[in-house]
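entry.cif (mmCIF, C-alpha atoms)
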data_query
loop_
_atom_site.label_atom_id
_atom_site.label_comp_id
_atom_site.auth_asym_id
_atom_site.auth_seq_id
_atom_site.Cartn_x
_atom_site.Cartn_y
_atom_site.Cartn_z
CA MET A 605 10.05 10.04 -52.37
CA PHE A 606 9.59 11.66 -55.77
CA ILE A 607 12.81 13.32 -56.96
CA ASP A 608 12.86 14.69 -60.51
CA ARG A 609 16.23 16.45 -60.63
CA ALA A 610 19.72 15.32 -59.70
CA VAL A 611 23.34 16.33 -60.31
CA ILE A 612 25.86 13.52 -60.74
CA GLU A 613 29.50 13.13 -61.73
CA VAL A 614 30.71 10.49 -64.19
CA ARG A 615 34.30 9.40 -64.78
CA SER A 616 35.13 6.90 -67.50
CA GLY A 617 38.10 4.57 -67.16
CA LYS A 618 41.59 5.28 -68.47
CA GLY A 619 42.94 3.00 -71.16
CA GLY A 620 45.58 0.48 -70.13
CA ASP A 621 49.22 1.31 -70.83
CA GLY A 622 51.04 -0.45 -73.66
CA ALA A 623 53.92 -2.72 -72.65
CA ILE A 624 57.62 -2.51 -73.52
CA ALA A 625 58.90 -6.06 -73.79
CA PHE A 626 61.21 -8.21 -75.94
CA ARG A 627 60.98 -11.83 -76.91
CA ARG A 628 63.73 -13.93 -75.38
CA GLU A 629 63.62 -17.64 -76.15
CA LYS A 630 66.44 -20.14 -76.30
CA PHE A 631 66.13 -21.14 -79.94
CA VAL A 632 64.67 -17.91 -81.35
CA ALA A 633 67.35 -15.56 -82.66
CA LYS A 634 66.63 -11.84 -82.60
CA GLY A 635 63.19 -12.35 -81.09
CA GLY A 636 62.25 -8.69 -81.33
CA PRO A 637 59.65 -6.56 -79.53
CA ASP A 638 56.50 -8.23 -78.21
CA GLY A 639 54.88 -5.72 -75.86
CA GLY A 640 51.07 -5.88 -76.13
CA ASN A 641 48.52 -3.08 -76.26
CA GLY A 642 46.50 -1.93 -73.26
CA GLY A 643 42.78 -2.56 -72.87
CA ARG A 644 40.01 0.00 -73.24
CA GLY A 645 38.71 1.75 -70.13
CA ALA A 646 35.06 1.46 -69.08
CA SER A 647 32.53 3.90 -70.51
CA ILE A 648 29.61 5.31 -68.50
CA ILE A 649 26.24 4.74 -70.18
CA LEU A 650 22.82 5.96 -69.04
CA ARG A 651 19.99 3.49 -69.72
CA ALA A 652 16.25 4.14 -69.52
CA ASN A 653 14.41 1.67 -67.29
CA SER A 654 10.60 1.62 -67.07
CA LYS A 655 10.75 -0.03 -63.63
CA ILE A 656 12.17 3.16 -62.12
CA ASN A 657 9.96 6.23 -61.70
CA THR A 658 12.09 8.64 -59.68
CA LEU A 659 15.66 9.92 -59.44
CA TYR A 660 15.65 9.25 -55.68
CA ASN A 661 18.61 6.84 -55.86
CA PHE A 662 20.85 9.62 -57.13
CA ARG A 663 20.50 11.49 -53.84
CA HIS A 664 23.04 9.02 -52.42
CA SER A 665 24.91 7.70 -55.48
CA LYS A 666 26.28 10.84 -57.07
CA CYS A 667 29.56 9.66 -58.57
CA PHE A 668 29.99 6.83 -61.08
CA ILE A 669 33.56 5.76 -61.83
CA GLY A 670 34.50 3.31 -64.55
CA PRO A 671 37.49 0.98 -63.99
CA ASP A 672 40.65 1.43 -66.05
CA GLY A 673 41.64 -0.96 -68.80
CA GLN A 674 44.34 -3.51 -68.00
CA LYS A 675 47.90 -2.97 -69.13
CA GLY A 676 49.44 -4.84 -72.06
CA ASP A 677 51.86 -7.65 -71.30
CA ILE A 678 54.70 -9.69 -72.79
CA LYS A 679 54.19 -12.06 -75.73
CA ASN A 680 51.91 -9.52 -77.42
CA GLN A 681 49.23 -10.08 -74.81
CA TYR A 682 46.58 -7.36 -74.97
CA GLY A 683 45.18 -5.94 -71.78
CA LYS A 684 41.57 -6.78 -70.96
CA HIS A 685 38.87 -4.25 -71.78
CA SER A 686 36.92 -3.07 -68.74
CA ASP A 687 33.18 -3.67 -68.69
CA ASP A 688 31.10 -0.57 -69.28
CA ILE A 689 29.12 0.88 -66.38
CA TYR A 690 25.35 1.12 -66.99
CA VAL A 691 23.38 3.59 -64.89
CA ASP A 692 19.61 2.98 -64.94
CA VAL A 693 17.40 6.08 -64.96
CA PRO A 694 13.62 6.54 -65.30
CA VAL A 695 12.10 6.67 -68.76
CA GLY A 696 11.70 10.35 -69.63
CA THR A 697 15.03 11.47 -68.17
CA VAL A 698 16.91 14.21 -70.01
CA ALA A 699 20.68 14.50 -69.46
CA TYR A 700 22.48 17.85 -69.62
CA LEU A 701 26.15 18.75 -69.35
CA GLU A 702 26.31 21.03 -66.30
CA GLU A 703 28.90 23.30 -67.91
CA GLY A 704 26.98 25.29 -70.49
CA ASN A 705 23.72 23.40 -69.84
CA ILE A 706 24.20 21.46 -73.11
CA VAL A 707 21.68 18.72 -73.91
CA LEU A 708 23.28 15.28 -74.22
CA GLY A 709 20.15 13.25 -74.91
CA ASP A 710 16.58 12.36 -74.10
CA LEU A 711 15.98 8.86 -72.72
CA ASN A 712 12.33 8.66 -73.69
CA GLU A 713 12.04 4.92 -74.45
CA HIS A 714 12.60 1.83 -72.32
CA GLY A 715 16.04 0.38 -73.02
CA LYS A 716 17.37 3.48 -74.77
CA GLU A 717 21.02 4.11 -74.01
CA LEU A 718 23.14 7.27 -73.93
CA LEU A 719 26.94 7.29 -73.80
CA VAL A 720 27.89 10.15 -71.49
CA ALA A 721 31.58 9.42 -70.80
CA LYS A 722 33.68 7.44 -73.25
CA GLY A 723 36.36 5.12 -71.92
CA GLY A 724 39.94 5.83 -72.99
CA ARG A 725 41.50 3.57 -75.62
CA GLY A 726 44.41 1.40 -74.65
CA GLY A 727 47.96 2.53 -75.38
CA ARG A 728 50.01 0.72 -78.02
CA GLY A 729 52.81 -1.59 -76.94
CA ASN A 730 56.27 -1.44 -78.45
CA SER A 731 55.50 -4.23 -80.94
CA SER A 732 53.17 -1.74 -82.67
CA PHE A 733 56.09 0.63 -83.33
CA LYS A 734 58.48 -1.80 -85.04
CA SER A 735 59.36 -1.04 -88.61
CA SER A 736 62.09 -1.68 -91.18
CA THR A 737 64.03 1.29 -89.82
CA ASN A 738 63.30 0.71 -86.13
CA ARG A 739 63.49 -3.00 -85.40
CA CYS A 740 63.99 -2.65 -81.68
CA PRO A 741 61.67 0.13 -80.45
CA LYS A 742 61.84 0.94 -76.77
CA ILE A 743 58.74 3.06 -76.79
CA ALA A 744 55.08 2.51 -75.89
CA GLU A 745 51.97 4.60 -75.35
CA ASN A 746 50.19 5.21 -72.11
CA GLY A 747 46.45 4.63 -72.14
CA GLU A 748 44.17 7.47 -73.22
CA PRO A 749 42.75 9.35 -70.21
CA GLY A 750 39.08 8.87 -69.42
CA GLU A 751 36.48 11.64 -69.40
CA LYS A 752 35.18 13.44 -66.34
CA LYS A 753 31.85 15.28 -66.50
CA ARG A 754 29.20 16.70 -64.21
CA LEU A 755 25.69 16.01 -65.45
CA ILE A 756 22.24 17.32 -64.63
CA LEU A 757 19.49 14.70 -64.83
CA GLU A 758 15.92 15.95 -65.18
CA LEU A 759 12.89 13.67 -65.21
CA LYS A 760 10.12 14.86 -67.52
CA LEU A 761 7.12 12.58 -67.20
CA LEU A 762 5.71 10.82 -70.25
CA ALA A 763 2.06 11.88 -70.22
CA ASP A 764 -0.38 12.49 -73.07
CA VAL A 765 -2.62 14.95 -71.21
CA GLY A 766 -1.42 17.39 -68.58
CA VAL A 767 -3.89 18.96 -66.15
CA VAL A 768 -2.99 22.50 -65.09
CA GLY A 769 -4.72 25.15 -63.04
CA LEU A 770 -4.56 27.18 -59.88
CA PRO A 771 -4.52 25.36 -56.52
CA SER A 772 -7.73 23.66 -55.38
CA VAL A 773 -9.54 23.71 -58.75
CA GLY A 774 -10.16 19.95 -58.65
CA LYS A 775 -7.25 18.48 -60.65
CA SER A 776 -6.49 15.63 -58.25
CA THR A 777 -10.18 14.81 -57.80
CA LEU A 778 -10.62 14.54 -61.55
CA LEU A 779 -7.62 12.21 -61.88
CA SER A 780 -8.89 9.99 -59.05
CA VAL A 781 -12.31 9.68 -60.73
CA LEU A 782 -11.00 9.05 -64.26
CA SER A 783 -8.23 6.59 -63.32
CA SER A 784 -7.02 4.25 -60.61
CA ALA A 785 -4.57 6.85 -59.34
CA ARG A 786 -5.06 7.89 -55.74
CA PRO A 787 -3.53 11.35 -55.28
CA GLU A 788 -3.89 13.11 -51.95
CA ILE A 789 -7.04 15.24 -51.87
CA ALA A 790 -7.88 17.84 -49.21
CA ASP A 791 -9.63 21.19 -48.85
CA TYR A 792 -6.50 23.34 -48.69
CA PRO A 793 -4.15 24.72 -51.39
CA PHE A 794 -1.05 22.81 -52.54
CA THR A 795 -2.30 19.44 -51.34
CA THR A 796 -0.57 17.98 -54.39
CA ILE A 797 3.16 18.47 -53.98
CA ILE A 798 4.32 15.90 -56.57
CA PRO A 799 3.00 15.08 -60.06
CA ASN A 800 0.62 12.14 -60.25
CA LEU A 801 0.05 9.89 -63.25
CA GLY A 802 -3.02 7.86 -64.10
CA VAL A 803 -4.19 5.79 -67.08
CA VAL A 804 -7.62 6.88 -68.34
CA ASN A 805 -9.68 4.24 -70.17
CA SER A 806 -12.61 5.04 -72.46
CA ALA A 807 -15.68 2.94 -73.24
CA ASP A 808 -14.31 1.96 -76.69
CA GLY A 809 -11.15 0.42 -75.19
CA LYS A 810 -8.80 3.32 -75.93
CA SER A 811 -6.65 4.86 -73.24
CA PHE A 812 -4.24 7.70 -72.52
CA VAL A 813 -1.96 8.82 -69.68
CA MET A 814 -3.02 11.85 -67.67
CA ALA A 815 -0.75 13.87 -65.36
CA ASP A 816 -2.03 15.97 -62.48
CA LEU A 817 0.52 18.72 -61.81
CA PRO A 818 0.85 20.72 -58.59
CA GLY A 819 -1.14 23.96 -58.65
CA LEU A 820 0.33 26.96 -60.40
CA ILE A 821 0.19 30.49 -59.05
CA GLU A 822 1.03 33.85 -60.56
CA GLY A 823 4.81 34.10 -60.92
CA ALA A 824 5.33 30.33 -61.07
CA HIS A 825 7.75 30.73 -64.01
CA LEU A 826 9.90 32.89 -61.71
CA GLY A 827 10.00 30.20 -59.02
CA LYS A 828 7.02 31.14 -56.89
CA GLY A 829 5.01 28.33 -55.34
CA LEU A 830 5.58 24.78 -56.57
CA GLY A 831 4.95 25.46 -60.24
CA LEU A 832 8.42 26.05 -61.66
CA GLN A 833 9.97 22.79 -60.49
CA PHE A 834 7.08 20.75 -61.93
CA LEU A 835 6.27 22.66 -65.12
CA ARG A 836 8.94 20.55 -66.85
CA HIS A 837 6.60 17.57 -66.63
CA ILE A 838 4.13 19.16 -69.01
CA GLU A 839 6.74 19.69 -71.75
CA ARG A 840 5.97 16.31 -73.34
CA CYS A 841 2.16 16.56 -73.10
CA ARG A 842 0.32 16.71 -76.40
CA VAL A 843 -2.85 18.11 -74.82
CA ILE A 844 -3.15 20.60 -71.98
CA LEU A 845 -6.29 20.33 -69.92
CA HIS A 846 -6.81 23.77 -68.36
CA MET A 847 -9.11 23.50 -65.32
CA ILE A 848 -10.90 26.59 -64.00
CA ASP A 849 -12.90 26.69 -60.76
CA PHE A 850 -16.44 28.06 -61.33
CA SER A 851 -17.65 27.57 -57.76
CA GLU A 852 -18.23 30.42 -55.30
CA SER A 853 -14.53 30.57 -54.44
CA GLY A 854 -14.17 34.35 -54.51
CA ARG A 855 -11.90 34.25 -57.55
CA ASP A 856 -12.77 35.54 -61.02
CA PRO A 857 -12.61 32.64 -63.55
CA PHE A 858 -11.44 35.00 -66.29
CA ASP A 859 -8.56 36.28 -64.17
CA ASP A 860 -7.61 32.69 -63.29
CA TYR A 861 -7.62 31.79 -66.98
CA GLN A 862 -5.29 34.68 -67.85
CA VAL A 863 -2.90 33.91 -64.97
CA ILE A 864 -2.35 30.29 -66.05
CA ASN A 865 -2.07 31.18 -69.74
CA ASN A 866 0.58 33.79 -68.95
CA GLU A 867 2.59 31.32 -66.83
CA LEU A 868 2.58 28.74 -69.64
CA LYS A 869 3.68 31.37 -72.14
CA GLN A 870 6.47 32.71 -69.93
CA TYR A 871 7.79 29.21 -69.22
CA GLY A 872 8.46 28.60 -72.92
CA PHE A 873 8.65 25.32 -74.89
CA GLY A 874 5.61 26.56 -76.85
CA LEU A 875 3.23 25.45 -74.09
CA ASP A 876 0.84 28.31 -74.87
CA LYS A 877 0.50 26.97 -78.43
CA ARG A 878 -0.32 23.37 -77.49
CA PRO A 879 -3.84 22.03 -78.11
CA THR A 880 -5.76 23.13 -75.01
CA LEU A 881 -9.05 21.91 -73.63
CA ILE A 882 -10.68 24.35 -71.18
CA VAL A 883 -12.64 22.60 -68.47
CA ALA A 884 -15.07 24.26 -66.07
CA SER A 885 -14.90 22.33 -62.81
CA LYS A 886 -17.36 22.20 -59.86
CA ILE A 887 -20.20 23.09 -62.21
CA ASP A 888 -22.68 21.44 -59.85
CA GLU A 889 -22.29 24.22 -57.26
CA GLU A 890 -24.73 27.10 -56.92
CA GLY A 891 -24.18 29.96 -59.37
CA ALA A 892 -21.57 28.05 -61.40
CA LEU A 893 -23.65 27.96 -64.62
CA GLU A 894 -24.20 31.73 -64.50
CA ARG A 895 -20.47 32.35 -64.07
CA LEU A 896 -19.76 29.95 -66.94
CA SER A 897 -22.17 31.84 -69.21
CA LEU A 898 -20.44 35.16 -68.43
CA PHE A 899 -17.02 33.60 -69.05
CA LYS A 900 -18.07 32.32 -72.50
CA LYS A 901 -19.45 35.72 -73.48
CA LYS A 902 -16.26 37.44 -72.36
CA THR A 903 -13.83 35.09 -74.08
CA GLY A 904 -15.80 33.46 -76.89
CA LEU A 905 -14.08 30.15 -76.05
CA ASP A 906 -15.54 26.64 -76.00
CA VAL A 907 -15.62 25.37 -72.43
CA LEU A 908 -16.46 21.85 -71.28
CA PRO A 909 -18.42 21.85 -68.00
CA ILE A 910 -17.84 18.89 -65.64
CA SER A 911 -18.55 17.79 -62.11
CA SER A 912 -16.15 15.22 -60.71
CA LEU A 913 -18.39 14.80 -57.66
CA LEU A 914 -21.47 13.88 -59.73
CA GLU A 915 -19.37 12.43 -62.61
CA GLN A 916 -21.06 14.73 -65.10
CA GLY A 917 -19.39 15.45 -68.47
CA LEU A 918 -16.55 12.99 -67.87
CA ASP A 919 -17.32 10.72 -70.83
CA GLU A 920 -17.36 13.72 -73.14
CA LEU A 921 -14.06 14.87 -71.62
CA LYS A 922 -12.46 11.49 -72.39
CA PHE A 923 -13.79 11.56 -75.96
CA LYS A 924 -12.49 15.08 -76.62
CA CYS A 925 -9.06 14.24 -75.23
CA LEU A 926 -8.81 11.13 -77.43
CA GLU A 927 -10.05 13.08 -80.45
CA ILE A 928 -7.31 15.71 -80.04
CA LEU A 929 -4.63 13.09 -79.31
CA GLU A 930 -5.38 11.18 -82.51
CA LYS A 931 -4.52 14.20 -84.67
CA THR A 932 -1.72 15.67 -82.54
CA PRO A 933 1.82 14.31 -83.05
CA PRO A 934 4.34 14.21 -80.20
CA PHE A 935 6.18 17.46 -79.51
CA PRO A 936 9.97 16.99 -79.58
CA LEU A 937 11.69 18.55 -76.59
CA PHE A 938 14.70 19.48 -78.69
CA ASN A 939 15.59 20.02 -82.32
CA GLU A 940 16.26 16.53 -83.64
CA ASN A 941 18.57 17.96 -86.32
CA GLU A 942 20.78 19.60 -83.72
CA ASP A 943 24.15 17.92 -83.40
CA LYS A 944 24.44 16.71 -79.81
CA ASN A 945 27.66 14.74 -80.32
CA LEU A 946 30.19 16.24 -77.93
CA ASP A 947 33.03 13.96 -79.06
CA HIS A 948 33.98 16.38 -81.80
CA LYS A 949 33.66 20.01 -82.74
CA ILE A 950 33.32 21.30 -86.28
CA TYR A 951 35.54 24.26 -87.07
CA SER A 952 35.20 26.54 -90.05
CA LEU A 953 38.20 27.46 -92.16
CA GLY A 954 40.58 29.65 -90.19
CA GLU A 955 39.32 28.74 -86.70
CA GLU A 956 40.89 25.32 -86.21
CA GLU A 957 41.74 24.62 -82.60
CA LYS A 958 45.35 25.40 -81.77
CA GLU A 959 47.66 22.60 -80.69
CA PHE A 960 48.91 24.52 -77.65
CA TYR A 961 48.76 27.77 -75.70
CA ILE A 962 51.33 29.38 -73.41
CA LYS A 963 50.84 31.53 -70.32
CA ARG A 964 53.30 33.15 -67.93
CA PRO A 965 52.35 32.92 -64.23
CA ASN A 966 55.60 34.68 -63.14
CA ASN A 967 58.83 36.09 -64.59
CA HIS A 968 60.72 32.80 -64.93
CA THR A 969 57.92 30.25 -65.33
CA TRP A 970 55.96 29.31 -68.47
CA VAL A 971 53.00 26.95 -68.68
CA ILE A 972 52.10 25.07 -71.87
CA TYR A 973 48.45 24.02 -72.02
CA GLY A 974 45.76 22.91 -74.47
CA ASP A 975 43.67 19.75 -74.80
CA LYS A 976 45.63 18.31 -77.73
CA ILE A 977 49.13 18.74 -76.31
CA ILE A 978 48.10 17.58 -72.81
CA LYS A 979 46.54 14.44 -74.29
CA PHE A 980 49.68 13.72 -76.33
CA TYR A 981 51.87 14.14 -73.25
CA ARG A 982 49.73 11.88 -71.07
CA MET A 983 49.76 9.15 -73.70
CA THR A 984 53.55 9.30 -74.13
CA ASN A 985 55.60 6.96 -71.95
CA ILE A 986 58.58 9.14 -70.98
CA SER A 987 60.14 6.52 -68.71
CA THR A 988 62.50 5.53 -71.56
CA ASP A 989 64.96 7.64 -73.53
CA GLU A 990 63.05 7.00 -76.74
CA GLY A 991 59.79 8.10 -75.14
CA MET A 992 61.41 11.32 -73.90
CA MET A 993 62.87 11.94 -77.36
CA LYS A 994 59.44 11.42 -78.90
CA LEU A 995 57.94 14.06 -76.61
CA MET A 996 60.68 16.62 -77.20
CA SER A 997 60.61 15.96 -80.95
CA HIS A 998 56.86 16.61 -80.96
CA LEU A 999 57.35 19.91 -79.08
CA ARG A 1000 60.00 20.98 -81.58
CA GLN A 1001 57.73 20.00 -84.46
CA LEU A 1002 55.04 22.26 -83.04
CA ARG A 1003 57.67 25.03 -82.73
CA VAL A 1004 56.97 25.45 -79.01
CA ASP A 1005 60.54 26.66 -78.44
CA ASP A 1006 60.15 29.37 -81.09
CA GLU A 1007 56.94 30.57 -79.47
CA LEU A 1008 58.60 30.65 -76.02
CA GLU A 1009 61.50 32.68 -77.40
CA ARG A 1010 59.09 35.07 -79.13
CA LEU A 1011 57.28 35.64 -75.84
CA GLY A 1012 60.55 36.48 -74.09
CA ALA A 1013 61.64 33.25 -72.37
CA SER A 1014 65.24 33.24 -71.10
CA ASP A 1015 67.72 30.40 -70.65
CA GLY A 1016 67.05 28.56 -67.41
CA ASP A 1017 63.34 29.45 -67.20
CA ASP A 1018 61.04 26.64 -66.03
CA VAL A 1019 58.58 25.30 -68.58
CA ILE A 1020 55.64 23.28 -67.23
CA LEU A 1021 53.59 20.83 -69.29
CA ASP A 1022 50.89 19.21 -67.15
CA ASP A 1023 52.95 17.56 -64.35
CA PHE A 1024 56.26 17.62 -66.27
CA THR A 1025 58.79 20.44 -65.81
CA PHE A 1026 61.86 21.09 -67.92
CA GLU A 1027 64.36 23.91 -68.42
CA PHE A 1028 64.22 26.21 -71.42
CA VAL A 1029 67.41 26.41 -73.46
CA ARG A 1030 67.70 28.43 -76.65
#

What's the structure tokens form of this structure?
Amino acid sequence: MFIDRAVIEVRSGKGGDGAIAFRREKFVAKGGPDGGNGGRGASIILRANSKINTLYNFRHSKCFIGPDGQKGDIKNQYGKHSDDIYVDVPVGTVAYLEEGNIVLGDLNEHGKELLVAKGGRGGRGNSSFKSSTNRCPKIAENGEPGEKKRLILELKLLADVGVVGLPSVGKSTLLSVLSSARPEIADYPFTTIIPNLGVVNSADGKSFVMADLPGLIEGAHLGKGLGLQFLRHIERCRVILHMIDFSESGRDPFDDYQVINNELKQYGFGLDKRPTLIVASKIDEEGALERLSLFKKKTGLDVLPISSLLEQGLDELKFKCLEILEKTPPFPLFNENEDKNLDHKIYSLGEEEKEFYIKRPNNHTWVIYGDKIIKFYRMTNISTDEGMMKLMSHLRQLRVDDELERLGASDGDDVILDDFTFEFVR
């Protein structure tokens, strides 16, 4: 089954906690701290694989969880790093962050990798905190939390030439004649319900990939018919082959031409500005040449007449496609200069992210929140007195108590930081 869109969840592993330990050996005086650091958690990495051609597997595997790093141990033993999780996707897959629909990357080459969830670093053990003024630290860090994201995966086929047109204009028949592809062909609209790819070879040994897309109808860019969900596959095409039916079908070729052009323009991605080759199909039928002559007079456009049934004009079609491809560079899907790194945000002067925020859910409860302060809390081991002192010292350094007092906090009010609750005292 051909599936070209999927929503998945990725969760990278948490870093291992640092250890609190002290060296105790019979003949070693004042052994000192020797708690090791924790290991790094597993990252989640998408990897393009040319052996896969659909996102079907993601209908069942929708959540990928990386294992946590191992904890540090005595004798300065570091915890083991967890192996990264690689998720194979078809070549041509584009990954988006579901929240905000932000582009993470385009996996358009075999073997290309994209880090989508970074594993948390391991926490430092107490041996990392020893100094000339603190020779016996009883403090260690917890591992950095992993990342959790929901991603949209969209497959956009890698084709050089995309064949578009209204239903039943002969797109699938043309692909079956020019290549070894065997799309379903029948005498009713929307026979093609999935894109089909075929490699077209010319007499001089050159070749290109052609994609036959399901028929478009008026309003396809708004979701009508099958067009909208498959228009994404033409975004990479360097040449658009616009097929128009000139048989006695009851439709006006000029109206058909305008309908498809409007749909490409409304869809965006500059599809209406791509090099376009207009092809008159079914030219062998009665009255087709007269209709073609009227169309040329009305539009003034160059049109290539073909007959897939009689294989007329096909060699010229191949030559023209190759000629356009040789002088047309690939069209990037996204601005290559755009910064897609979500690991950091650049702030201008005066808009630096605040360390913490405070909200008041009820009269005697206050909640401290913010990415920076939550991360600091989660990486602080408060199971020891020194760890608790480190946390409270950090809150005082940030002047959290002053801000609570300014907002009207009273003695005895509950203050909540993540899953930790303490009492406010002036």

query = Between A:Thr777, A:Asn641, A:Asn705, A:Asn985, which one has atoms that come closest to A:Gly726, using only C-alpha atoms?
reply = A:Asn641

task = With a distance cut-off of 9 Å and all atoms listed in the file, select the neighbouring residues of A:Lys753, excluding the residue or stretch itself and same-chain residues fewer than 2 positions from it, and output the selection as a PyMOL selection string.
result = chain A and resi 612-615+701-703+720-721+751+755

task = I would like the residues chosen by the PyMOL selection byres ((chain A and resi 1029) around 12) on the shown file; could you give them as a PyMOL selection string?
result = chain A and resi 1004-1006+1008-1009+1013-1019+1026-1028+1030

Atoms to include: C-alpha atoms. Write the selected residues as a CSV table (one decimal), in the coordinates of the input.
chain,number,residue,atom,x,y,z
A,1004,VAL,CA,57.0,25.4,-79.0
A,1005,ASP,CA,60.5,26.7,-78.4
A,1006,ASP,CA,60.2,29.4,-81.1
A,1008,LEU,CA,58.6,30.6,-76.0
A,1009,GLU,CA,61.5,32.7,-77.4
A,1013,ALA,CA,61.6,33.2,-72.4
A,1014,SER,CA,65.2,33.2,-71.1
A,1015,ASP,CA,67.7,30.4,-70.6
A,1016,GLY,CA,67.0,28.6,-67.4
A,1017,ASP,CA,63.3,29.4,-67.2
A,1018,ASP,CA,61.0,26.6,-66.0
A,1019,VAL,CA,58.6,25.3,-68.6
A,1026,PHE,CA,61.9,21.1,-67.9
A,1027,GLU,CA,64.4,23.9,-68.4
A,1028,PHE,CA,64.2,26.2,-71.4
A,1030,ARG,CA,67.7,28.4,-76.6

task = Within 7 Å of A:Ala815, counting all atoms listed in the file, which residues show up once you throw out same-chain ones fewer than 3 positions away? Write them as a PyMOL selection string, please.
result = chain A and resi 763+765-767+799-802

Padding 3 Å on every side, please: axis-aligned box over the listed atoms of stretch 643-658 of chain A, centre and edge lengths to one decimal in Å, as AutoDock Vina command-line options.
--center_x 26.4 --center_y 3.0 --center_z -66.5 --size_x 38.8 --size_y 17.2 --size_z 19.6

inquiry  = What's around A:Lys679 at 7 Å? Count all atoms listed in the file, leave out sequence neighbours fewer than 3 positions away in its own chain, and write the answer as number ranges by chain.
reply    = A: 627, 638-640

request  = Kindly give the distance, in Å, that separates atom CA of A:Ala610 and atom CA of A:Leu757, rounded to a single decimal.
outcome  =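 Those two atoms sit 5.2 Å apart.
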
request  = Would you kindly return, as a PyMOL selection string, each protein, DNA or RNA residue with an atom no farther than 8 Å from any atom of A:Ile848, considering all atoms listed in the file and excluding same-chain residues fewer than 3 positions away?
outcome  = chain A and resi 769-770+773+857+860-861+882-885

task = Tell me, in Å to one decimal, how far atom CA of A:Ile844 is from atom CA of A:Lys931.
result = 14.3 Å

query = Distance atom CA of A:Ser686-atom CA of A:Gly724, one decimal place?
reply =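 Separation between atom CA of A:Ser686 and atom CA of A:Gly724: 10.3 Å.
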
message = I'd like to know which of A:Asn657, A:Gln862, A:Gln681, A:Asn805 is closest to A:Lys922, using all atoms listed in the file.
response =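 Distance minimum relative to A:Lys922 lands on A:Asn805.
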
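Compared by their closest atoms to A:Phe899, and using all atoms listed in the file, the residues A:Val695, A:Asp859, A:Phe812, A:Gly917 rank with A:Asp859 nearest.
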
query = Smallest atom-to-atom distance to A:Ser911: which of A:Gly774, A:Pro936, A:Gly643, A:Gly619, using all atoms listed in the file?
reply =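 Among the listed residues, A:Gly774 lies closest to A:Ser911.
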
inquiry  = Env of stretch 732-743 of chain A: 10 Å cut, atoms = only C-alpha atoms, seq-sep filter 5 positions within chain, self excluded. Answer as an MDAnalysis selection string.
reply    = chainID A and resid 622:626 634:641 680 727 984:994

query = Could you tell me, as a PyMOL selection string, which residues have any atom at most 10 Å from (-4.5, 7.4, -61.2), counting all atoms listed in the file?
reply = chain A and resi 776-787+800-804+813-816

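Between A:Thr1025 and the candidates A:Ser654, A:Ile972, A:His685, A:Leu908, the tightest atom-to-atom separation, counting only C-alpha atoms, involves A:Ile972.
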
inquiry  = Considering all atoms listed in the file, can you say which of A:Leu937, A:Val843, A:Ile864, A:Leu659 comes closest to A:Val707?
reply    = A:Leu937
